[in-house]
$ cat work08.cif   # mmCIF, C-alpha atoms
data_entry
#
loop_
_atom_site.group_PDB
_atom_site.id
_atom_site.type_symbol
_atom_site.label_atom_id
_atom_site.label_comp_id
_atom_site.auth_asym_id
_atom_site.auth_seq_id
_atom_site.Cartn_x
_atom_site.Cartn_y
_atom_site.Cartn_z
ATOM 1 C CA GLU A 1 0.000 0.000 0.000
ATOM 2 C CA ILE A 2 1.028 3.558 -0.628
ATOM 3 C CA HIS A 3 0.271 6.131 2.054
ATOM 4 C CA VAL A 4 0.991 9.828 1.537
ATOM 5 C CA ARG A 5 1.221 12.614 4.059
ATOM 6 C CA SER A 6 1.810 16.338 4.183
ATOM 7 C CA ILE A 7 -0.365 16.960 1.116
ATOM 8 C CA PHE A 8 -0.821 20.500 2.449
ATOM 9 C CA LEU A 9 2.953 20.876 2.959
ATOM 10 C CA GLN A 10 2.543 21.009 6.735
ATOM 11 C CA GLY A 11 -0.357 23.441 6.212
ATOM 12 C CA LEU A 12 1.826 25.901 4.314
ATOM 13 C CA LEU A 13 -0.263 25.636 1.144
ATOM 14 C CA LEU A 14 -3.386 26.573 3.103
ATOM 15 C CA ILE A 15 -2.074 29.713 4.805
ATOM 16 C CA GLU A 16 -3.002 33.166 3.579
ATOM 17 C CA PRO A 17 0.104 34.917 2.186
ATOM 18 C CA LYS A 18 0.142 37.618 4.874
ATOM 19 C CA LYS A 19 0.138 34.987 7.626
ATOM 20 C CA ARG A 20 2.995 32.964 6.159
ATOM 21 C CA ASN A 21 6.289 33.030 8.048
ATOM 22 C CA SER A 22 8.761 35.428 6.400
ATOM 23 C CA TYR A 23 11.170 32.496 5.953
ATOM 24 C CA PHE A 24 9.014 31.418 3.003
ATOM 25 C CA ASN A 25 9.229 34.771 1.190
ATOM 26 C CA GLN A 26 11.948 33.338 -1.026
ATOM 27 C CA TRP A 27 9.262 31.171 -2.650
ATOM 28 C CA ASN A 28 6.637 33.915 -3.020
ATOM 29 C CA GLU A 29 6.580 33.490 -6.785
ATOM 30 C CA PHE A 30 5.716 29.791 -6.400
ATOM 31 C CA PHE A 31 2.909 30.619 -3.942
ATOM 32 C CA LYS A 32 1.509 33.286 -6.285
ATOM 33 C CA ILE A 33 1.425 30.782 -9.134
ATOM 34 C CA PHE A 34 -0.239 28.189 -6.894
ATOM 35 C CA ASP A 35 -2.862 30.673 -5.676
ATOM 36 C CA LYS A 36 -3.588 31.805 -9.237
ATOM 37 C CA TRP A 37 -4.101 28.190 -10.312
ATOM 38 C CA VAL A 38 -6.443 27.559 -7.347
ATOM 39 C CA PHE A 39 -8.444 30.680 -8.248
ATOM 40 C CA GLU A 40 -8.648 29.703 -11.933
ATOM 41 C CA LYS A 41 -9.914 26.246 -10.947
ATOM 42 C CA ASN A 42 -12.562 27.943 -8.763
ATOM 43 C CA GLN A 43 -11.500 25.796 -5.828
ATOM 44 C CA THR A 44 -10.104 26.365 -2.379
ATOM 45 C CA ARG A 45 -6.496 25.699 -1.475
ATOM 46 C CA ILE A 46 -7.552 22.678 0.566
ATOM 47 C CA SER A 47 -9.750 21.182 -2.183
ATOM 48 C CA SER A 48 -7.051 21.753 -4.804
ATOM 49 C CA CYS A 49 -4.518 19.794 -2.751
ATOM 50 C CA ILE A 50 -6.922 16.952 -2.032
ATOM 51 C CA ASN A 51 -8.287 16.764 -5.571
ATOM 52 C CA PHE A 52 -4.744 16.651 -6.938
ATOM 53 C CA VAL A 53 -3.836 13.689 -4.710
ATOM 54 C CA MET A 54 -7.037 11.940 -5.802
ATOM 55 C CA MET A 55 -5.591 11.819 -9.342
ATOM 56 C CA PHE A 56 -3.236 9.021 -8.339
ATOM 57 C CA LYS A 57 -5.014 5.673 -8.232
ATOM 58 C CA GLU A 58 -1.830 4.149 -6.783
ATOM 59 C CA ILE A 59 -2.368 6.015 -3.494
ATOM 60 C CA ASP A 60 -4.233 3.899 -0.963
ATOM 61 C CA ARG A 61 -4.344 6.258 2.035
ATOM 62 C CA VAL A 62 -3.814 9.930 2.790
ATOM 63 C CA VAL A 63 -2.714 11.106 6.230
ATOM 64 C CA VAL A 64 -3.600 14.705 7.091
ATOM 65 C CA GLY A 65 -3.444 16.932 10.115
ATOM 66 C CA VAL A 66 -6.243 19.298 11.009
ATOM 67 C CA GLU A 67 -6.589 22.495 13.009
ATOM 68 C CA SER A 68 -10.293 22.266 13.852
ATOM 69 C CA LYS A 69 -13.369 20.106 13.733
ATOM 70 C CA GLU A 70 -14.672 22.276 10.885
ATOM 71 C CA GLN A 71 -11.526 21.722 8.869
ATOM 72 C CA PHE A 72 -11.760 17.976 9.482
ATOM 73 C CA GLU A 73 -15.356 17.964 8.245
ATOM 74 C CA GLU A 74 -14.364 19.981 5.170
ATOM 75 C CA ILE A 75 -11.616 17.480 4.357
ATOM 76 C CA ILE A 76 -14.018 14.538 4.699
ATOM 77 C CA THR A 77 -16.552 16.272 2.447
ATOM 78 C CA ILE A 78 -13.928 16.953 -0.218
ATOM 79 C CA PHE A 79 -12.612 13.372 -0.119
ATOM 80 C CA ASN A 80 -16.154 11.999 -0.387
ATOM 81 C CA LYS A 81 -16.783 14.043 -3.541
ATOM 82 C CA ASN A 82 -13.895 12.111 -5.110
ATOM 83 C CA GLN A 83 -13.064 14.848 -7.602
ATOM 84 C CA LYS A 84 -9.781 14.831 -9.417
ATOM 85 C CA THR A 85 -7.738 17.829 -10.509
ATOM 86 C CA SER A 86 -4.541 17.583 -12.455
ATOM 87 C CA ALA A 87 -1.945 20.246 -11.843
ATOM 88 C CA PRO A 88 -0.011 21.863 -14.668
ATOM 89 C CA ASP A 89 3.740 21.437 -14.756
ATOM 90 C CA TYR A 90 4.312 25.146 -14.244
ATOM 91 C CA ILE A 91 3.324 24.958 -10.574
ATOM 92 C CA GLU A 92 5.728 22.142 -9.815
ATOM 93 C CA CYS A 93 8.386 22.943 -7.230
ATOM 94 C CA LYS A 94 11.386 20.649 -6.844
ATOM 95 C CA ASP A 95 13.293 22.767 -4.342
ATOM 96 C CA PRO A 96 14.064 20.428 -1.407
ATOM 97 C CA MET A 97 14.433 23.457 0.853
ATOM 98 C CA LEU A 98 10.692 24.051 0.429
ATOM 99 C CA ILE A 99 9.158 20.646 -0.204
ATOM 100 C CA ASN A 100 10.962 18.905 2.647
ATOM 101 C CA PRO A 101 9.835 20.445 5.950
ATOM 102 C CA ALA A 102 12.893 18.920 7.666
ATOM 103 C CA ASN A 103 14.926 21.540 5.777
ATOM 104 C CA TRP A 104 12.946 24.506 7.067
ATOM 105 C CA TYR A 105 14.951 26.838 9.261
ATOM 106 C CA LEU A 106 12.263 28.628 11.211
#
$ encode --input "work08.cif" --output "structure tokens"
Amino acid sequence: EIHVRSIFLQGLLLIEPKKRNSYFNQWNEFFKIFDKWVFEKNQTRISSCINFVMMFKEIDRVVVGVESKEQFEEIITIFNKNQKTSAPDYIECKDPMLINPANWYL
């Protein structure tokens, strides 16, 4: 079985830009591109992340963290809709200093 985690990049992909730690300013261009894509898809950040993961039939389980009961319920609702959203290559980020939270120097 394949289990994935941190589909929200430790919640970073869900945070409003003004609330993001200044450490992440070096990737502002990536976040702007991501937010534009989310807006164009008429989705939320959370649904975009979940719907992207749903594209991969090889994934058996998704492990997520939540901040509230409401967020948990939203995640369940999105998963139950079983929608799939592919992401264009232009929003791909391969920088290990961003995509691996162990490398964050906060």
$ axis_aligned_box --input "work08.cif" --around "region 64-68 of chain A" --padding-each-side "4 Å" --output "AutoDock Vina command-line options"
--center_x -6.9 --center_y 18.6 --center_z 10.5 --size_x 14.8 --size_y 15.8 --size_z 14.8
$ closest_residue --input "work08.cif" --among "A:Gly65, A:Ser47, A:Lys84, A:Met97" --to "Gly11 (chain A)" --atoms "all atoms listed in the file"
A:Gly65
$ closest_residue --input "work08.cif" --among "A:Arg61, A:Arg5, A:Lys32, A:Lys18" --to "Tyr90 (chain A)" --atoms "only C-alpha atoms"
A:Lys32
$ resolve_selection --input "work08.cif" --expression "the PyMOL selection byres ((chain A and resi 15) around 12)" --output "list in words"
Phe8, Leu9, Gln10, Gly11, Leu12, Leu13, Leu14, Glu16, Pro17, Lys18, Lys19, Arg20, Asn21, Phe24, Phe31, Phe34, Asp35, Thr44, Arg45, Ile46 and Glu67 of chain A
$ atom_distance --input "work08.cif" --atom1 "CA of Tyr23 (chain A)" --atom2 "CA of Cys93 (chain A)"
16.5 Å
$ closest_residue --input "work08.cif" --among "A:Lys69, A:Lys94, A:Lys81, A:Lys36" --to "Ile50 (chain A)" --atoms "all atoms listed in the file"
A:Lys81
$ atom_distance --input "work08.cif" --atom1 "CA of Ile76 (chain A)" --atom2 "CA of Cys49 (chain A)"
13.2 Å
$ atom_distance --input "work08.cif" --atom1 "CA of Val62 (chain A)" --atom2 "CA of Val4 (chain A)"
5.0 Å
